[in-house]
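Next comes my_file-v2.txt, a file with compact mmCIF, C-alpha atoms.
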# COMPACT_ATOMS: atom_id res chain seq x y z
CA MET N 215 49.42 -56.94 -1.84
CA GLU N 216 51.69 -53.95 -1.40
CA MET N 217 53.70 -55.05 -4.41
CA LEU N 218 50.49 -55.20 -6.46
CA LEU N 219 49.39 -51.73 -5.37
CA ASN N 220 52.85 -50.39 -6.09
CA THR N 221 52.83 -51.83 -9.58
CA VAL N 222 49.42 -50.31 -10.28
CA ALA N 223 50.46 -46.95 -8.87
CA LYS N 224 53.42 -46.80 -11.22
CA ASN N 225 51.29 -47.80 -14.22
CA GLN N 226 48.17 -45.72 -13.72
CA LEU N 227 47.26 -45.27 -17.37
CA VAL N 228 47.82 -48.95 -18.16
CA PHE N 229 45.63 -49.88 -15.21
CA ALA N 230 42.98 -47.48 -16.50
CA PHE N 231 42.95 -49.38 -19.82
CA LEU N 232 42.30 -52.57 -17.86
CA VAL N 233 39.55 -51.00 -15.78
CA ILE N 234 37.75 -49.51 -18.78
CA GLY N 235 38.14 -52.78 -20.68
CA ALA N 236 36.46 -54.58 -17.80
CA ILE N 237 33.65 -51.99 -17.64
CA MET N 238 33.07 -52.34 -21.39
CA PHE N 239 32.98 -56.13 -21.15
CA VAL N 240 30.49 -56.13 -18.28
CA SER N 241 28.37 -53.44 -19.97
CA TYR N 242 28.07 -55.22 -23.32
CA ARG N 243 27.14 -58.42 -21.48
CA LEU N 244 24.51 -56.58 -19.42
CA SER N 245 23.18 -54.96 -22.58
CA ASP N 246 22.75 -58.39 -24.20
CA VAL N 247 21.39 -60.23 -21.20
CA LEU N 248 19.17 -57.62 -19.56
CA THR N 249 17.95 -55.56 -22.51
CA LYS N 250 18.55 -57.98 -25.40
CA GLY N 251 20.73 -55.30 -26.98
CA ARG N 252 17.95 -52.70 -27.03
CA LEU N 253 19.94 -50.41 -24.76
CA HIS N 254 23.31 -50.22 -26.48
CA GLY N 255 26.36 -51.53 -24.62
CA SER N 256 28.05 -48.14 -24.80
CA ALA N 257 25.02 -46.55 -23.10
CA VAL N 258 25.24 -49.10 -20.29
CA ALA N 259 28.99 -48.45 -20.01
CA ILE N 260 28.48 -44.70 -19.66
CA ILE N 261 25.80 -45.18 -17.00
CA LEU N 262 28.08 -47.61 -15.18
CA GLY N 263 30.91 -45.08 -15.43
CA LEU N 264 28.69 -42.40 -13.89
CA ILE N 265 27.66 -44.74 -11.06
CA LEU N 266 31.33 -45.48 -10.36
CA ALA N 267 32.01 -41.74 -10.45
CA TYR N 268 29.33 -41.27 -7.79
CA VAL N 269 30.81 -44.02 -5.62
CA GLY N 270 34.37 -42.70 -6.06
CA GLY N 271 33.30 -39.14 -5.36
CA SER N 272 31.33 -40.13 -2.24
CA VAL N 273 34.16 -42.22 -0.81
CA SER N 274 36.90 -39.67 -1.50
CA GLY N 275 34.90 -36.47 -1.05
CA GLY N 276 36.64 -35.10 -4.15
CA SER N 277 35.25 -33.61 -7.34
CA LYS N 278 36.73 -35.92 -9.98
CA GLY N 279 34.71 -39.06 -9.42
CA LEU N 280 36.39 -42.44 -9.37
CA SER N 281 39.75 -40.93 -10.39
CA GLU N 282 39.97 -39.27 -6.96
CA LEU N 283 40.93 -42.68 -5.56
CA PRO N 284 44.71 -43.06 -6.03
CA LEU N 285 44.28 -46.54 -7.47
CA PHE N 286 42.12 -45.17 -10.30
CA ALA N 287 44.00 -41.91 -10.92
CA GLY N 288 44.86 -43.04 -14.45
CA LEU N 289 41.20 -42.61 -15.45
CA ALA N 290 41.65 -38.85 -15.16
CA LEU N 291 44.29 -39.01 -17.90
CA LEU N 292 42.40 -41.46 -20.12
CA GLY N 293 39.12 -39.60 -19.71
CA GLY N 294 40.61 -36.12 -19.48
CA ALA N 295 40.09 -33.30 -21.98
CA MET N 296 43.32 -34.05 -23.90
CA LEU N 297 42.60 -37.61 -25.00
CA ARG N 298 38.86 -36.95 -25.20
CA ASP N 299 39.42 -34.16 -27.72
CA LEU N 300 41.95 -36.26 -29.66
CA ALA N 301 39.42 -39.07 -29.94
CA ILE N 302 36.61 -36.67 -30.91
CA VAL N 303 38.79 -35.20 -33.68
CA SER N 304 39.64 -38.70 -34.93
CA THR N 305 35.93 -39.52 -35.36
CA ALA N 306 35.84 -36.85 -38.09
CA TYR N 307 37.94 -39.15 -40.26
CA GLY N 308 35.81 -40.19 -43.20
CA VAL N 309 33.15 -37.53 -42.58
CA ASP N 310 31.79 -35.88 -45.70
CA LEU N 311 32.36 -32.12 -45.57
CA SER N 312 29.38 -31.45 -47.84
CA GLU N 313 27.19 -33.04 -45.17
CA ILE N 314 28.41 -30.45 -42.69
CA ARG N 315 28.00 -27.61 -45.17
CA ARG N 316 24.44 -28.66 -45.93
CA ALA N 317 23.55 -28.57 -42.23
CA GLY N 318 25.49 -25.35 -41.63
CA LEU N 319 22.47 -23.06 -41.28
CA ALA N 320 20.64 -25.43 -38.94
CA GLY N 321 23.86 -25.81 -36.93
CA ALA N 322 24.48 -22.08 -36.60
CA LEU N 323 20.86 -21.36 -35.64
CA SER N 324 20.89 -24.16 -33.10
CA LEU N 325 23.99 -22.67 -31.47
CA ILE N 326 22.46 -19.23 -31.01
CA LEU N 327 19.09 -20.59 -29.87
CA GLY N 328 20.80 -23.10 -27.57
CA VAL N 329 22.86 -20.43 -25.81
CA VAL N 330 20.08 -17.83 -25.56
CA LEU N 331 17.38 -20.26 -24.39
CA SER N 332 19.64 -21.88 -21.79
CA PHE N 333 20.50 -18.49 -20.36
CA ALA N 334 16.81 -17.52 -20.39
CA VAL N 335 15.70 -20.68 -18.57
CA GLY N 336 18.50 -20.40 -16.01
CA ALA N 337 17.77 -16.73 -15.39
CA VAL N 338 14.03 -17.33 -14.92
CA VAL N 339 14.67 -20.18 -12.48
CA ALA N 340 17.21 -18.05 -10.60
CA ALA N 341 14.66 -15.23 -10.30
CA ALA N 342 12.01 -17.69 -9.10
CA PHE N 343 14.37 -18.68 -6.28
CA GLY N 344 14.93 -15.09 -5.26
CA TYR N 345 18.12 -14.28 -7.15
CA THR N 346 16.65 -11.28 -8.92
CA ASP N 347 19.81 -9.25 -9.64
CA ALA N 348 21.13 -9.31 -13.20
CA VAL N 349 24.56 -10.62 -12.18
CA SER N 350 23.20 -13.71 -10.42
CA MET N 351 20.62 -14.34 -13.12
CA ALA N 352 23.27 -14.18 -15.87
CA THR N 353 25.63 -16.46 -13.90
CA ILE N 354 23.04 -19.14 -13.17
CA GLY N 355 21.80 -18.79 -16.75
CA GLY N 356 25.37 -19.44 -17.87
CA GLY N 357 25.42 -22.55 -15.72
CA ALA N 358 22.28 -23.77 -17.48
CA ALA N 359 24.32 -23.40 -20.68
CA THR N 360 27.43 -25.31 -19.53
CA TYR N 361 29.37 -25.68 -16.31
CA ILE N 362 32.15 -23.61 -17.89
CA VAL N 363 30.02 -20.72 -19.16
CA GLY N 364 28.50 -20.23 -15.68
CA PRO N 365 31.72 -19.62 -13.73
CA VAL N 366 33.29 -17.63 -16.59
CA THR N 367 30.26 -15.33 -16.71
CA GLY N 368 30.07 -15.13 -12.93
CA THR N 369 33.76 -14.29 -12.56
CA ALA N 370 33.56 -11.63 -15.26
CA LEU N 371 30.54 -9.99 -13.62
CA GLY N 372 31.72 -10.41 -10.02
CA ALA N 373 29.02 -12.84 -8.84
CA SER N 374 29.19 -14.32 -5.34
CA SER N 375 30.92 -17.68 -4.92
CA GLU N 376 27.61 -19.20 -3.78
CA VAL N 377 25.97 -18.22 -7.08
CA ILE N 378 28.97 -19.49 -9.06
CA ALA N 379 28.77 -22.83 -7.26
CA LEU N 380 25.07 -23.05 -8.11
CA SER N 381 25.83 -22.36 -11.75
CA VAL N 382 28.44 -25.14 -11.87
CA ALA N 383 25.94 -27.53 -10.28
CA ALA N 384 23.27 -26.61 -12.85
CA GLY N 385 25.75 -27.28 -15.66
CA LEU N 386 26.74 -30.63 -14.18
CA VAL N 387 23.11 -31.70 -13.86
CA LYS N 388 22.59 -30.86 -17.53
CA ALA N 389 25.79 -32.59 -18.75
CA ILE N 390 25.06 -35.81 -16.87
CA LEU N 391 21.41 -35.90 -17.93
CA VAL N 392 22.43 -35.45 -21.57
CA MET N 393 24.88 -38.36 -21.24
CA ILE N 394 22.26 -40.68 -19.77
CA GLY N 395 19.15 -39.44 -21.52
CA THR N 396 20.20 -39.03 -25.17
CA PRO N 397 19.74 -42.66 -26.26
CA PHE N 398 16.23 -42.66 -24.77
CA ILE N 399 15.03 -39.40 -26.34
CA ALA N 400 16.82 -39.91 -29.68
CA PRO N 401 13.92 -41.77 -31.33
CA LEU N 402 11.42 -39.13 -30.13
CA ILE N 403 13.31 -36.19 -31.64
CA GLY N 404 14.51 -37.85 -34.85
CA LEU N 405 18.14 -37.87 -33.75
CA ASN N 406 19.33 -40.36 -36.36
CA ASN N 407 21.05 -38.37 -39.10
CA PRO N 408 23.97 -35.95 -39.39
CA LYS N 409 21.84 -32.83 -39.61
CA SER N 410 19.79 -33.56 -36.50
CA ALA N 411 23.05 -34.43 -34.71
CA MET N 412 24.47 -30.99 -35.60
CA ALA N 413 21.30 -29.31 -34.34
CA PHE N 414 21.47 -31.42 -31.18
CA GLY N 415 25.12 -30.52 -30.55
CA GLY N 416 24.40 -26.82 -30.97
CA LEU N 417 21.31 -26.85 -28.77
CA MET N 418 22.86 -28.90 -25.95
CA GLY N 419 26.34 -27.41 -26.08
CA THR N 420 27.88 -29.37 -23.23
CA THR N 421 30.83 -31.13 -24.88
CA SER N 422 31.04 -33.94 -22.35
CA GLY N 423 27.27 -34.42 -22.41
CA VAL N 424 27.07 -34.47 -26.21
CA ALA N 425 30.19 -36.67 -26.50
CA GLY N 426 28.74 -39.20 -24.07
CA GLY N 427 25.13 -38.98 -25.22
CA LEU N 428 25.88 -39.48 -28.90
CA ALA N 429 28.36 -42.26 -28.15
CA ALA N 430 25.56 -44.06 -26.36
CA THR N 431 23.13 -43.44 -29.22
CA ASP N 432 25.08 -43.97 -32.45
CA LYS N 433 28.81 -43.39 -32.71
CA ARG N 434 28.52 -42.27 -36.33
CA LEU N 435 26.69 -39.12 -35.17
CA VAL N 436 29.51 -38.02 -32.86
CA PRO N 437 31.56 -35.88 -35.28
CA TYR N 438 28.48 -33.89 -36.35
CA GLY N 439 27.29 -33.18 -32.82
CA ALA N 440 30.79 -32.39 -31.60
CA MET N 441 31.35 -30.01 -34.51
CA THR N 442 28.67 -27.58 -33.33
CA ALA N 443 29.02 -28.22 -29.59
CA THR N 444 32.65 -27.12 -29.74
CA PHE N 445 31.55 -23.56 -30.57
CA TYR N 446 28.92 -23.41 -27.84
CA THR N 447 31.02 -22.75 -24.74
CA GLY N 448 32.99 -20.04 -26.54
CA LEU N 449 29.80 -18.38 -27.77
CA GLY N 450 28.30 -18.61 -24.27
CA CYS N 451 31.38 -17.05 -22.68
CA LEU N 452 31.19 -14.30 -25.30
CA MET N 453 27.48 -13.51 -24.94
CA GLY N 454 26.99 -14.14 -21.20
CA PRO N 455 28.89 -11.24 -19.65
CA SER N 456 27.99 -8.89 -22.52
CA VAL N 457 24.73 -9.01 -24.48
CA ILE N 458 22.84 -11.29 -22.14
CA TYR N 459 23.90 -9.43 -19.01
CA LEU N 460 22.88 -6.12 -20.56
CA VAL N 461 19.48 -7.49 -21.58
CA LEU N 462 18.94 -8.87 -18.06
CA LEU N 463 20.05 -5.54 -16.58
CA ALA N 464 17.50 -3.71 -18.72
CA LEU N 465 14.77 -6.18 -17.75
CA THR N 466 15.44 -6.03 -14.01
CA HIS N 467 15.40 -2.25 -13.83
CA MET I 295 53.61 -46.38 -40.75
CA ILE I 296 50.92 -46.17 -38.10
CA ILE I 297 52.68 -43.32 -36.34
CA TYR I 298 52.20 -41.12 -39.43
CA GLY I 299 48.47 -41.40 -38.95
CA VAL I 300 48.73 -40.61 -35.24
CA ALA I 301 51.02 -37.69 -36.05
CA LEU I 302 48.57 -36.38 -38.66
CA LEU I 303 45.80 -36.55 -36.07
CA ALA I 304 48.01 -34.84 -33.47
CA ALA I 305 48.97 -32.08 -35.90
CA CYS I 306 45.33 -31.39 -36.77
CA HIS I 307 44.34 -31.50 -33.08
CA LEU I 308 47.02 -28.97 -32.06
CA ALA I 309 46.52 -26.68 -35.07
CA GLY I 310 42.76 -26.67 -34.50
CA LEU I 311 43.04 -25.85 -30.81
CA LEU I 312 45.53 -23.12 -31.66
CA ILE I 313 43.03 -21.57 -34.10
CA GLY I 314 40.34 -21.87 -31.42
CA SER I 315 42.53 -20.16 -28.83
CA ALA I 316 43.47 -17.38 -31.25
CA LEU I 317 39.80 -16.85 -32.11
CA GLY I 318 38.93 -16.81 -28.40
CA ALA I 319 41.64 -14.24 -27.70
CA ALA I 320 40.57 -12.12 -30.69
CA LEU I 321 36.99 -12.09 -29.38
CA GLY I 322 38.19 -11.37 -25.85
CA VAL I 323 36.70 -14.62 -24.48
CA GLN I 324 38.41 -16.67 -21.78
CA SER I 325 37.76 -19.88 -23.65
CA ASN I 326 38.70 -21.83 -26.74
CA VAL I 327 36.21 -21.09 -29.51
CA GLY I 328 35.58 -24.07 -31.76
CA GLY I 329 39.07 -25.54 -31.54
CA VAL I 330 37.92 -29.15 -31.81
CA GLY I 331 35.69 -28.22 -34.74
CA PHE I 332 38.56 -26.58 -36.63
CA ALA I 333 40.74 -29.62 -35.88
CA MET I 334 38.07 -31.89 -37.35
CA ILE I 335 37.82 -29.83 -40.52
CA LEU I 336 41.63 -29.86 -40.87
CA LEU I 337 41.64 -33.65 -40.49
CA ILE I 338 38.87 -34.09 -43.08
CA LEU I 339 40.66 -31.83 -45.57
CA GLY I 340 44.14 -33.20 -44.80
CA ALA I 341 43.12 -36.84 -45.15
CA ASP I 342 41.22 -36.05 -48.33
CA TRP I 343 44.26 -34.34 -49.87
CA LEU I 344 46.61 -37.18 -48.87
CA ARG I 345 44.20 -39.74 -50.29
CA LYS I 346 43.93 -37.88 -53.60
CA THR I 347 47.71 -37.62 -53.93
CA ASP I 348 47.96 -41.30 -53.04
CA ARG I 349 49.93 -40.77 -49.83
CA LEU I 350 47.54 -42.37 -47.38
CA PRO I 351 48.40 -46.06 -47.12
CA LYS I 352 46.33 -48.38 -44.92
CA ALA I 353 48.85 -48.36 -42.07
CA THR I 354 48.69 -44.57 -41.82
CA GLU I 355 44.92 -44.76 -41.80
CA GLN I 356 45.06 -47.27 -38.94
CA GLY I 357 46.80 -44.67 -36.78
CA VAL I 358 43.72 -42.43 -36.98
CA LEU I 359 41.18 -45.24 -36.83
CA PHE I 360 42.69 -46.61 -33.62
CA TRP I 361 41.82 -43.40 -31.78
CA SER I 362 38.40 -43.35 -33.37
CA ALA I 363 37.81 -46.87 -32.03
CA MET I 364 39.06 -45.75 -28.59
CA TYR I 365 36.44 -43.00 -28.53
CA ILE I 366 33.77 -44.84 -26.57
CA PRO I 367 36.19 -46.27 -23.95
CA ILE I 368 37.63 -42.78 -23.49
CA VAL I 369 34.14 -41.35 -23.04
CA VAL I 370 33.40 -44.05 -20.46
CA ALA I 371 36.56 -43.02 -18.59
CA MET I 372 35.37 -39.42 -18.84
CA ALA I 373 32.00 -40.43 -17.37
CA ALA I 374 33.80 -42.14 -14.48
CA CYS I 375 35.58 -38.85 -13.67
CA GLN I 376 32.49 -36.62 -13.57
CA ASN I 377 31.47 -34.84 -10.41
CA VAL I 378 28.26 -36.87 -10.13
CA VAL I 379 28.08 -36.32 -6.38
CA ALA I 380 27.76 -32.56 -6.88
CA ALA I 381 25.10 -33.02 -9.55
CA VAL I 382 23.06 -35.48 -7.47
CA SER I 383 23.29 -33.42 -4.29
CA ALA I 384 22.61 -30.13 -6.07
CA GLY I 385 19.70 -28.19 -4.66
CA PRO I 386 16.37 -27.70 -6.46
CA LEU I 387 17.50 -24.47 -8.15
CA ALA I 388 20.43 -26.14 -9.95
CA ILE I 389 18.38 -29.19 -10.85
CA ILE I 390 15.43 -27.22 -12.22
CA ALA I 391 17.74 -24.89 -14.17
CA GLY I 392 19.70 -27.79 -15.68
CA VAL I 393 16.66 -29.90 -16.50
CA GLY I 394 14.67 -26.93 -17.79
CA ALA I 395 17.39 -25.84 -20.22
CA LEU I 396 17.75 -29.43 -21.39
CA VAL I 397 14.02 -30.01 -21.99
CA ILE I 398 13.42 -26.75 -23.85
CA CYS I 399 16.45 -27.17 -26.09
CA VAL I 400 15.78 -30.84 -26.83
CA SER I 401 12.28 -30.03 -27.98
CA LEU I 402 13.74 -27.74 -30.66
CA VAL I 403 15.90 -30.46 -32.26
CA PRO I 404 13.16 -31.75 -34.60
CA ILE I 405 12.23 -28.22 -35.66
CA LEU I 406 15.79 -27.14 -36.45
CA SER I 407 16.66 -30.36 -38.24
CA ARG I 408 13.82 -29.65 -40.67
CA ILE I 409 15.58 -26.49 -41.94
CA GLY I 410 16.56 -27.08 -45.56
CA GLY I 411 14.69 -30.36 -45.84
CA GLN I 412 14.48 -33.44 -43.67
CA GLU I 413 17.31 -35.94 -43.90
CA ALA I 414 16.94 -39.69 -44.10
CA PRO I 415 18.12 -41.64 -41.05
CA LEU I 416 21.47 -43.41 -41.22
CA PRO I 417 21.24 -47.07 -42.17
CA PRO I 418 21.11 -49.39 -39.15
CA PHE I 419 24.31 -50.72 -37.69
CA SER I 420 25.59 -53.81 -39.45
CA ALA I 421 28.60 -55.03 -37.53
CA VAL I 422 29.40 -54.33 -33.91
CA GLU I 423 32.43 -52.08 -33.90
CA ALA I 424 34.59 -50.17 -31.44
Take the structure in the file and give it back as structure tokens.
Amino acid sequence: MEMLLNTVAKNQLVFAFLVIGAIMFVSYRLSDVLTKGRLHGSAVAIILGLILAYVGGSVSGGSKGLSELPLFAGLALLGGAMLRDLAIVSTAYGVDLSEIRRAGLAGALSLILGVVLSFAVGAVVAAAFGYTDAVSMATIGGGAATYIVGPVTGTALGASSEVIALSVAAGLVKAILVMIGTPFIAPLIGLNNPKSAMAFGGLMGTTSGVAGGLAATDKRLVPYGAMTATFYTGLGCLMGPSVIYLVLLALTH
Amino acid sequence: MIIYGVALLAACHLAGLLIGSALGAALGVQSNVGGVGFAMILLILGADWLRKTDRLPKATEQGVLFWSAMYIPIVVAMAACQNVVAAVSAGPLAIIAGVGALVICVSLVPILSRIGGQEAPLPPFSAVEA
């Protein structure tokens, strides 16, 4: 037993391949047997991954899901930002640039609307819960954008650590809901072509949410959604502590 | 050789992130602005140019396609590393803010995708891939 654990510990990434392979196998079977393929296997796999992340996080008390357990540490490398971004870039292979150019205006508009509306919703909710100062409203609004924009905005404006933690939590709720919910809402919002995927990526913004949600819906949409989503966090970090804070400051005075 | 394809992908990835970091620094933002997007455009243009000059054999292509096929497994690994506990145990403020932003933005997808004419849906999946 110790020899087995030792071998795994020295081959974390290889073990992660095995674990994910097993999750994929089980998920595609469940998709066939339980939903007759209506809920795509990749969607089941992502939901299963999130459940395992919950279990791992509860057992370990850490913040990185299943990869907090030493046995599964390799998942953090396989599912980390480095390989995730490499794989996202590779999906662009074979994409038609004219497709992206044609949806450029919709993509750019979706980015601005996505950032501004998320901040607005977050700020209104923050105010409803008694956080009526511009700094807290901007920080929680940033969290409603993504779990990176929130802390970046909060740090820049000097928000309290309690408010920053709330903003991260809001961003996590959004990212995870996008991952799970996208395949279910896709038919309702016409998310089945490159242009709607670009609008979706810009409006949602959360890279992990969009990456997971589109993977579960239709892998061919991934490059288009990722293309706009990749600008979102930067735009949010740019607008949060500046324009949006100033607007909130004017409104609260 | 397959490694040429992987190297092409790696070069585009790094160059794109570098552009994104430079743009972020130029704008005074503590974040990468669009790095993955720039990397994707570089890969599209680079592969197109290599194909036109007949320097993109099948093996090279396989080096890129492998990572494309690994996309969903990698995303599943990413899902397994999320801080789901924090999201589930978040208080009402965080949940309402996250859900509210999601609902309002999702409802705009059909409106924005109509700009410049509606697009036809992609053809249904034929073969199971990835």
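Nearest-residue note for Ala301 (chain N): choosing from I:Ser362, I:Gln412, I:Ser407, I:Gln376, the minimum distance belongs to I:Ser362, counting all atoms listed in the file.
The spacing separating CA of Leu311 (chain I) from CA of Thr367 (chain N) amounts to 21.7 Å.
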May I have the protein, DNA and RNA residues with any atom at most 9 Å from the point (47.1, -35.6, -37.2), counting only C-alpha atoms, written as a PyMOL selection string? (chain N and resi 304) or (chain I and resi 298-308+333+336-337+340-341+358)
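With distances restricted to all atoms listed in the file, N:Ser312 is the closest residue to Leu339 (chain I) from N:Asn406, N:Thr466, N:Thr396, N:Ser312.
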If you count all atoms listed in the file, which residues fall within 9 Å of Val273 (chain N), apart from same-chain ones fewer than 4 positions away, as a ChimeraX atom specification? /N:268-269,280,282-283
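Compared by their closest atoms to chain N, and using only C-alpha atoms, the residues I:Ala316, I:Ala363, I:Met372, I:Ala309 rank with I:Met372 nearest.
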Do you have, as a tab-separated table, the list of residues of region 326-408 of chain I lying at most 8 Å from region 333-347 of chain N, each with its nearest atom pair and that distance in Å to one decimal, counting all atoms listed in the file and ordered by chain then number?
residue	atom	partner	partner_atom	distance
I:Leu387	CA	N:Val339	CA	6.7
I:Ile390	CA	N:Val339	CA	7.1
I:Ala391	CA	N:Gly336	CA	4.9
I:Gly392	CA	N:Gly336	CA	7.5
I:Gly394	CA	N:Val335	CA	6.4
I:Ala395	CA	N:Val335	CA	5.7
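Going from CA of Val309 (chain N) over to CA of Pro367 (chain I), you cover 20.8 Å.
CA of Val370 (chain I) to CA of Ile260 (chain N) spans 5.0 Å [interatomic distance, one decimal].
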For chain N, the nearest of the candidates I:Pro351, I:Gly310, I:Gly331, I:Gly385, counting only C-alpha atoms: I:Gly331
Find the residues around Gly419 (chain N) up to 7 Å (only C-alpha atoms counted), leave out those fewer than 4 positions away in its own chain, and share them as number ranges by chain. N: 360, 415, 443, 446-447
